[in-house]
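**Q** My questions all concern the structure below.
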Amino acid sequence: MLSHVAATECARIFSGVTPQATTFDAIVVGSGISGGWAAKELCEKGLKTLVLERGRNVVHIKDYPTMNLNPWELPHRGAMSRQQLKENPLISKAAGYGEDTAHFFVKDRDHPYVQEKPFDWIRGYQVGGKSIIWGRACQRWSKYEFTAPERQGYGINWPIGYDDVAPWYTHVERFIGVCGKADGLEAMPDGEYLPPFDFNCVEKHLSDSVRAHYGNRYVVQGRWAHLSQPKEIHLQQGRGTCQARNLCMRGCPYGGYFSSNASTLPWAAKTGNLTIRPDSVVHSVIYDEAKGKATGVRVIDAHTHAITEYHSRIVFMNASALNTNLILLNSKSKRFPNGLGNDNGLMGKYVCHHNYRTGGSGKIAGFEDKYFYIRNPTECILVNFRNLGKQEMDFVGGYTTFTGAYRERGEPTTAREGGAYKDALSHPGPWGIYMYMQGETIPREENHVRLHESEKDQWGIPRLVTSVGYDDNSEKMIRDWRTEAKAMLEVAGCHDVQTHDNHQAPGLDIHEMGGVRMGSDPKTSLLNKWNQLHACPNVFVTDGACMTSTGNQSPSILYMALTARAVNHAADEMARQNL
Amino acid sequence: MNRREAVKTATVLIGGVLVTSNGFLVACARDSNRSTGKVLSVDDQSLIEEIADTLLPTTPSSPGAKAAGAGAAINLLLTDCYEPDAQQRVVNGLNEFRKSCRDRCGNDFASLPQKDREQVLRDLDAEAQKAGPTHYLGLVRELSLQAYFSSEIGMTKALRYVMVPGKWVGCVPLAPGQPAWA
């Protein structure tokens, strides 16, 4: 079986043998969703590549201890123990965190940071990073999202536009496998999709009602990184059809959804060009004053604290948005006393995120004789309709809404005990529809991260200080979303409609972005249009740190596309001896 | 597969809790009861299982809470996942329940016929609804439902759990009497 071969191959390469070599063509810091892509693309270009991962090794299938456990086989049947929650008040808030997945999230006590303003920094330190536990939504950005910040005056220009990224979106979609329907909508351009997951009966009704009432609002099937019908390229990765278990975050034995572990890392390993080193905490990027470029990275062994330097012609920073900021800020030299490439002092600033504070729901009658066959691993998308191509609201930016219809368990009964009670609880109950917002936030200079002056982590690296908050624009957007969501739920015929604002801190969205933003002008940005540091072009930043603005689409696939695009450029420049 | 490892881990976890819970039980001076190493003594665990089984009895469609081993599961969840004040509320509640049952029915709850046991719970529920959310029956009900519907019997005989559905079908007719997906 293909997946077996891939797993064995992986196990061999990831067996923890310390690599002898310390010099490579390329170094990739981080093995998550963008680091995995950097590794794959670099290795395919024939470049000897070292991937450094601060966390432990996780081998596809082999290291998914809960993947096949029935709920009743979990120690507390999926419930978190009091002790675990008490020890992890922060990370346990993360979406998908549970008794069956907690081993893919950090423990609070191991990785403290300083919250100048409340910020829930959600981290997964292992080979594969958060790609094991990501949300898997894969919409493309519209052309408007690239241009709106500058045109509406809430940001600088993106040095690239939709047309620059489109071919790289295609490149990524083909390899990772994205299900979805080509809906022909300007707000969310079509990609190359595998068959979508069906609407359920009530979702279809919602989509039809909203479309009929508004004319220009669309509820469409989710574009999700699932192999609804794998193609040859996916089978070659050892991945198979998504079995609709919806137990993704435990790790998928079928490779049904995309992760670095199931896809890019074993693919990179097969080239023979990959060396991956887990338990390697990157301290800083090394800058050679004489050569005027970066020459490698300084690594602290997570367990022994031994320091090793690795050298390479180019460095890709894919450590996760805020850790990339931290490492670059900590990469101090005579030339760059404030962090590598930080001539304008803007590194760590303009950190933004997605606004996930608001959601709503309603109950709906009339579908009691309808049901569905078990579990849908995707969600429907209510495509952005705000400030699309023109400024029309009292706030800037747009929002994507995720939505779905569900049937509760337990049909209504007056019985409170006995056979009738138990049997009623065992049957399907009323239908409901939920919605929640993924809203754009404005990049603002005061929203920043920086190194703490004195507090250090267990490896002697300065702790990160987070100072990121909401602004009035976000408050206005939340108010508008609540009004519109309520109206749309009512248009669909819902009763008992409610919306809420959970006031969650930034960060819990797990869409933190920026700090090392792209731009055309080195005075106002850190990276050029190829994701190279303006002042140190052999260092590339292609994770969330590079984001100039947040758009309203889920960002992961954009990081992957930008990474592939940047590697292509890097390889060309290396061939031309420019790097 | 790492199933064995997972089971081993569970045992260690439970072992870890054993110590604390013993201490707690000693502090409560419930030494007339045999200890289970958890918050509820053998007698309490058995009583709460009888209550759970009265709420959720065996019916023609599926086995009840007792068959599903709800008592031990409730004890585990209560011990590991609930706050000490909730634990205390359940322990005190069960004492109160035991006493009032003897006073009113002249007999142990377990030895009453199902019909009478349901009546006891109906009366108690009326009291609980008057008393509000602090009444112990709310917790006992919550624990019973949680333990039963997360058990293998609850998930596969009352509800329908399918680990590997193989596919998703969005819109299908609901068959008469069809159980809910777990």
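In the structure tokens, the first chain shown is A, the next is B, and so on; residue numbers restart at 1 for each chain, and ligands run from 1 in the order shown.
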Quick one: which chain A residues come within 7 Å of chain B, and what is the nearest atom pair for each with the distance in Å to one decimal, counting only C-alpha atoms, rows ordered by chain and ascending number, as a Markdown table?

**A**
| residue | atom | partner | partner_atom | distance |
| --- | --- | --- | --- | --- |
| A:Pro65 | CA | B:Asn2 | CA | 5.3 |
| A:Asn70 | CA | B:Met163 | CA | 7.0 |
| A:Pro71 | CA | B:Ser150 | CA | 6.8 |
| A:Trp72 | CA | B:Ser151 | CA | 5.4 |
| A:Pro75 | CA | B:Ala10 | CA | 5.3 |
| A:His76 | CA | B:Leu77 | CA | 6.5 |
| A:Arg77 | CA | B:Ser150 | CA | 6.4 |
| A:Met80 | CA | B:Cys81 | CA | 6.5 |
| A:Ser81 | CA | B:Cys81 | CA | 4.4 |
| A:Arg82 | CA | B:Cys81 | CA | 4.6 |
| A:Asp198 | CA | B:Gly170 | CA | 5.0 |
| A:Phe199 | CA | B:Gly170 | CA | 5.3 |
| A:Asn200 | CA | B:Gly170 | CA | 3.9 |
| A:Cys201 | CA | B:Cys171 | CA | 4.9 |
| A:Gln243 | CA | B:Gly166 | CA | 4.1 |
| A:Ala244 | CA | B:Lys167 | CA | 5.3 |
| A:Arg245 | CA | B:Val164 | CA | 5.4 |
| A:Asp369 | CA | B:Leu174 | CA | 5.1 |
| A:Lys370 | CA | B:Pro173 | CA | 4.6 |
| A:Tyr371 | CA | B:Leu174 | CA | 5.1 |
| A:Phe372 | CA | B:Cys171 | CA | 4.9 |
| A:Tyr373 | CA | B:Val169 | CA | 4.9 |
| A:Ile374 | CA | B:Trp181 | CA | 6.3 |
| A:Arg375 | CA | B:Trp168 | CA | 6.2 |
| A:Asn376 | CA | B:Trp168 | CA | 6.0 |
| A:Arg409 | CA | B:Ala180 | CA | 6.2 |
| A:Glu417 | CA | B:Leu55 | CA | 4.2 |
| A:Gly418 | CA | B:Leu55 | CA | 4.9 |
| A:Gly419 | CA | B:Pro57 | CA | 5.8 |
| A:Lys422 | CA | B:Leu56 | CA | 5.1 |
| A:Ser426 | CA | B:Leu159 | CA | 5.5 |
| A:His427 | CA | B:Pro179 | CA | 4.6 |
| A:Pro428 | CA | B:Ala180 | CA | 4.7 |

**Q** Find the spatial neighbours of stretch 460-470 of chain A, counting only C-alpha atoms, within a cut-off of 8 Å - ignore same-chain residues fewer than 4 positions away - and output them as a PyMOL selection string.

**A** chain A and resi 112-119+283+326+330+351-352+446-456+474-475+505-506

**Q** Could those residues be written to a file, using N, CA and C atoms, as a PDB file, in the first residue's frame?

**A**
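This is the output file result_32.pdb:
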ATOM      1  N   PRO A 112       5.814  30.246  28.065  1.00  0.00           N
ATOM      2  CA  PRO A 112       5.191  31.498  28.501  1.00  0.00           C
ATOM      3  C   PRO A 112       5.590  32.683  27.620  1.00  0.00           C
ATOM      4  N   TYR A 113       4.721  33.671  27.570  1.00  0.00           N
ATOM      5  CA  TYR A 113       5.001  34.929  26.875  1.00  0.00           C
ATOM      6  C   TYR A 113       4.306  36.017  27.677  1.00  0.00           C
ATOM      7  N   VAL A 114       4.503  37.254  27.295  1.00  0.00           N
ATOM      8  CA  VAL A 114       4.007  38.360  28.106  1.00  0.00           C
ATOM      9  C   VAL A 114       2.878  39.067  27.366  1.00  0.00           C
ATOM     10  N   GLN A 115       1.684  39.048  27.952  1.00  0.00           N
ATOM     11  CA  GLN A 115       0.531  39.678  27.298  1.00  0.00           C
ATOM     12  C   GLN A 115       0.347  41.096  27.825  1.00  0.00           C
ATOM     13  N   GLU A 116       0.921  42.056  27.094  1.00  0.00           N
ATOM     14  CA  GLU A 116       0.707  43.445  27.480  1.00  0.00           C
ATOM     15  C   GLU A 116      -0.775  43.803  27.316  1.00  0.00           C
ATOM     16  N   LYS A 117      -1.363  43.261  26.251  1.00  0.00           N
ATOM     17  CA  LYS A 117      -2.816  43.247  26.108  1.00  0.00           C
ATOM     18  C   LYS A 117      -3.194  41.779  25.910  1.00  0.00           C
ATOM     19  N   PRO A 118      -4.423  41.396  26.325  1.00  0.00           N
ATOM     20  CA  PRO A 118      -4.784  39.974  26.226  1.00  0.00           C
ATOM     21  C   PRO A 118      -4.620  39.451  24.801  1.00  0.00           C
ATOM     22  N   PHE A 119      -3.900  38.357  24.675  1.00  0.00           N
ATOM     23  CA  PHE A 119      -3.682  37.736  23.370  1.00  0.00           C
ATOM     24  C   PHE A 119      -3.507  36.240  23.587  1.00  0.00           C
ATOM     25  N   HIS A 283      17.449  30.121  17.524  1.00  0.00           N
ATOM     26  CA  HIS A 283      17.718  31.286  18.361  1.00  0.00           C
ATOM     27  C   HIS A 283      17.730  32.555  17.521  1.00  0.00           C
ATOM     28  N   LEU A 326       9.730  36.967  16.293  1.00  0.00           N
ATOM     29  CA  LEU A 326      10.606  36.836  17.463  1.00  0.00           C
ATOM     30  C   LEU A 326      12.041  36.512  17.042  1.00  0.00           C
ATOM     31  N   ASN A 330      15.323  38.909  17.267  1.00  0.00           N
ATOM     32  CA  ASN A 330      16.424  38.425  18.105  1.00  0.00           C
ATOM     33  C   ASN A 330      17.717  38.232  17.302  1.00  0.00           C
ATOM     34  N   VAL A 351       0.876  44.131  13.411  1.00  0.00           N
ATOM     35  CA  VAL A 351       0.385  42.767  13.609  1.00  0.00           C
ATOM     36  C   VAL A 351      -1.142  42.821  13.598  1.00  0.00           C
ATOM     37  N   CYS A 352      -1.739  41.948  12.859  1.00  0.00           N
ATOM     38  CA  CYS A 352      -3.201  41.934  12.793  1.00  0.00           C
ATOM     39  C   CYS A 352      -3.699  40.492  12.864  1.00  0.00           C
ATOM     40  N   GLU A 446       0.383  50.498  16.276  1.00  0.00           N
ATOM     41  CA  GLU A 446       0.445  50.227  17.722  1.00  0.00           C
ATOM     42  C   GLU A 446       0.184  48.749  18.071  1.00  0.00           C
ATOM     43  N   ASN A 447      -0.434  48.019  17.150  1.00  0.00           N
ATOM     44  CA  ASN A 447      -0.613  46.583  17.388  1.00  0.00           C
ATOM     45  C   ASN A 447       0.691  45.871  17.044  1.00  0.00           C
ATOM     46  N   HIS A 448       1.421  45.488  18.062  1.00  0.00           N
ATOM     47  CA  HIS A 448       2.774  45.011  17.807  1.00  0.00           C
ATOM     48  C   HIS A 448       3.175  43.878  18.746  1.00  0.00           C
ATOM     49  N   VAL A 449       4.270  43.237  18.389  1.00  0.00           N
ATOM     50  CA  VAL A 449       4.956  42.315  19.294  1.00  0.00           C
ATOM     51  C   VAL A 449       6.399  42.792  19.399  1.00  0.00           C
ATOM     52  N   ARG A 450       7.042  42.495  20.510  1.00  0.00           N
ATOM     53  CA  ARG A 450       8.442  42.884  20.678  1.00  0.00           C
ATOM     54  C   ARG A 450       9.103  41.910  21.652  1.00  0.00           C
ATOM     55  N   LEU A 451      10.413  42.016  21.754  1.00  0.00           N
ATOM     56  CA  LEU A 451      11.135  41.161  22.699  1.00  0.00           C
ATOM     57  C   LEU A 451      11.051  41.772  24.090  1.00  0.00           C
ATOM     58  N   HIS A 452      10.842  40.939  25.106  1.00  0.00           N
ATOM     59  CA  HIS A 452      10.866  41.449  26.471  1.00  0.00           C
ATOM     60  C   HIS A 452      12.293  41.826  26.852  1.00  0.00           C
ATOM     61  N   GLU A 453      12.416  42.915  27.599  1.00  0.00           N
ATOM     62  CA  GLU A 453      13.750  43.420  27.919  1.00  0.00           C
ATOM     63  C   GLU A 453      14.566  42.479  28.802  1.00  0.00           C
ATOM     64  N   SER A 454      13.891  41.769  29.697  1.00  0.00           N
ATOM     65  CA  SER A 454      14.666  40.936  30.626  1.00  0.00           C
ATOM     66  C   SER A 454      14.175  39.485  30.706  1.00  0.00           C
ATOM     67  N   GLU A 455      12.911  39.245  30.565  1.00  0.00           N
ATOM     68  CA  GLU A 455      12.407  37.872  30.750  1.00  0.00           C
ATOM     69  C   GLU A 455      12.768  36.990  29.565  1.00  0.00           C
ATOM     70  N   LYS A 456      13.248  35.796  29.905  1.00  0.00           N
ATOM     71  CA  LYS A 456      13.685  34.865  28.855  1.00  0.00           C
ATOM     72  C   LYS A 456      12.928  33.554  28.982  1.00  0.00           C
ATOM     73  N   SER A 474     -13.368  47.346  14.184  1.00  0.00           N
ATOM     74  CA  SER A 474     -13.830  45.984  14.488  1.00  0.00           C
ATOM     75  C   SER A 474     -15.178  46.006  15.199  1.00  0.00           C
ATOM     76  N   GLU A 475     -15.358  46.969  16.096  1.00  0.00           N
ATOM     77  CA  GLU A 475     -16.630  47.065  16.828  1.00  0.00           C
ATOM     78  C   GLU A 475     -17.782  47.333  15.853  1.00  0.00           C
ATOM     79  N   ALA A 505     -10.217  37.304  23.058  1.00  0.00           N
ATOM     80  CA  ALA A 505      -9.000  38.080  22.804  1.00  0.00           C
ATOM     81  C   ALA A 505      -8.494  37.789  21.398  1.00  0.00           C
ATOM     82  N   PRO A 506      -7.771  38.749  20.797  1.00  0.00           N
ATOM     83  CA  PRO A 506      -7.084  38.439  19.540  1.00  0.00           C
ATOM     84  C   PRO A 506      -6.165  37.231  19.749  1.00  0.00           C
TER      85      PRO A 506
END

**Q** Enter the distance from atom CA of A:Asp394 to atom CA of A:Lys143, in Å, rounded to one decimal.

**A**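 Taking atom CA of A:Asp394 as the start and atom CA of A:Lys143 as the end point, the length is 21.6 Å.
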
**Q** Mind listing the strand (DSSP E) residues of chain B, per DSSP on the backbone, as an MDAnalysis selection string?

**A** chainID B and resid 169:173

**Q** Residues at most 12 Å from B:Asp123, counting only C-alpha atoms, excluding those fewer than 4 positions away in the same chain, as a VMD selection string?

**A** (chain A and resid 416 to 417) or (chain B and resid 97 100 to 101 104 116 to 119 127 to 130 137)

**Q** Would you please give, as a PyMOL selection string, all residues of stretch 26-79 of chain B that DSSP assigns to helix (DSSP H, G or I) based on the backbone?

**A** chain B and resi 26-27+42-55+70-79

**Q** Would you save the residues of that selection, restricted to C-alpha atoms, as a short mmCIF file (atom, residue, chain, number, x, y, z; two decimals), in the first residue's frame?

**A**
data_model
loop_
_atom_site.label_atom_id
_atom_site.label_comp_id
_atom_site.auth_asym_id
_atom_site.auth_seq_id
_atom_site.Cartn_x
_atom_site.Cartn_y
_atom_site.Cartn_z
CA VAL B 26 -10.81 10.30 54.34
CA ALA B 27 -11.42 13.99 54.91
CA VAL B 42 -18.99 1.72 46.37
CA ASP B 43 -22.44 2.37 47.88
CA ASP B 44 -22.72 5.85 46.34
CA GLN B 45 -21.59 4.63 42.94
CA SER B 46 -24.13 1.87 43.09
CA LEU B 47 -26.91 4.28 44.13
CA ILE B 48 -26.12 6.82 41.41
CA GLU B 49 -26.12 4.00 38.86
CA GLU B 50 -29.62 3.00 40.07
CA ILE B 51 -30.76 6.60 39.62
CA ALA B 52 -29.15 6.75 36.16
CA ASP B 53 -30.81 3.49 35.23
CA THR B 54 -34.19 4.85 36.34
CA LEU B 55 -33.68 7.94 34.21
CA ALA B 70 -22.79 4.23 33.98
CA GLY B 71 -21.90 4.12 37.69
CA ALA B 72 -18.17 3.69 37.21
CA ALA B 73 -18.13 6.21 34.36
CA ILE B 74 -20.00 8.79 36.46
CA ASN B 75 -17.56 8.26 39.30
CA LEU B 76 -14.58 8.70 36.98
CA LEU B 77 -15.98 11.84 35.32
CA LEU B 78 -17.07 13.34 38.64
CA THR B 79 -13.67 12.65 40.20
#

**Q** Might you pull out every residue within 9 Å of stretch 148-157 of chain A, with only C-alpha atoms counted and same-chain residues fewer than 4 positions away left off, and present them as a PDB file with C-alpha atoms, in the first residue's frame?

**A**
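Done, and the output landed in selection_0.pdb:
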ATOM      1  CA  LYS A 143      -8.430  40.909  -6.275  1.00  0.00           C
ATOM      2  CA  TYR A 144     -10.164  43.470  -4.039  1.00  0.00           C
ATOM      3  CA  ASN A 387     -17.130  46.831   0.892  1.00  0.00           C
ATOM      4  CA  LEU A 388     -16.511  44.683  -2.146  1.00  0.00           C
ATOM      5  CA  GLY A 389     -14.624  46.840  -4.629  1.00  0.00           C
ATOM      6  CA  LYS A 390     -16.136  49.991  -3.136  1.00  0.00           C
ATOM      7  CA  GLN A 391     -16.447  51.640   0.251  1.00  0.00           C
ATOM      8  CA  VAL A 396     -13.446  49.306   6.219  1.00  0.00           C
ATOM      9  CA  GLY A 397     -12.713  45.730   5.228  1.00  0.00           C
ATOM     10  CA  ILE A 442      -6.853  46.826  10.124  1.00  0.00           C
ATOM     11  CA  PRO A 443      -3.056  46.707  10.330  1.00  0.00           C
ATOM     12  CA  ARG A 444      -2.115  49.361  12.910  1.00  0.00           C
ATOM     13  CA  MET A 518       5.509  42.884   2.313  1.00  0.00           C
ATOM     14  CA  GLY A 519       5.523  46.172   0.399  1.00  0.00           C
ATOM     15  CA  SER A 520       7.142  48.064  -2.464  1.00  0.00           C
ATOM     16  CA  THR A 524       7.280  51.267   5.104  1.00  0.00           C
ATOM     17  CA  SER A 525       7.750  47.515   4.713  1.00  0.00           C
ATOM     18  CA  THR A 548       0.469  43.269   4.514  1.00  0.00           C
ATOM     19  CA  SER A 549      -3.208  43.069   5.392  1.00  0.00           C
ATOM     20  CA  GLY A 551      -8.215  40.117   3.833  1.00  0.00           C
TER      21      GLY A 551
END

**Q** Quick one: pull the distance between atom CA of A:Gln84 and atom CA of B:Gly37, Å, one decimal.

**A**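 Separation of atom CA of A:Gln84 and atom CA of B:Gly37: 19.6 Å.
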
**Q** Report, in Å to a single decimal, how far apart atom CA of A:Val541 and atom CA of A:Asp343 are.

**A** 16.1 Å

**Q** For a quick check of understanding, using only C-alpha atoms, which of A:Glu289, A:Glu99, A:Thr275, A:Pro377 has the smallest distance to A:Leu227?

**A** A:Pro377
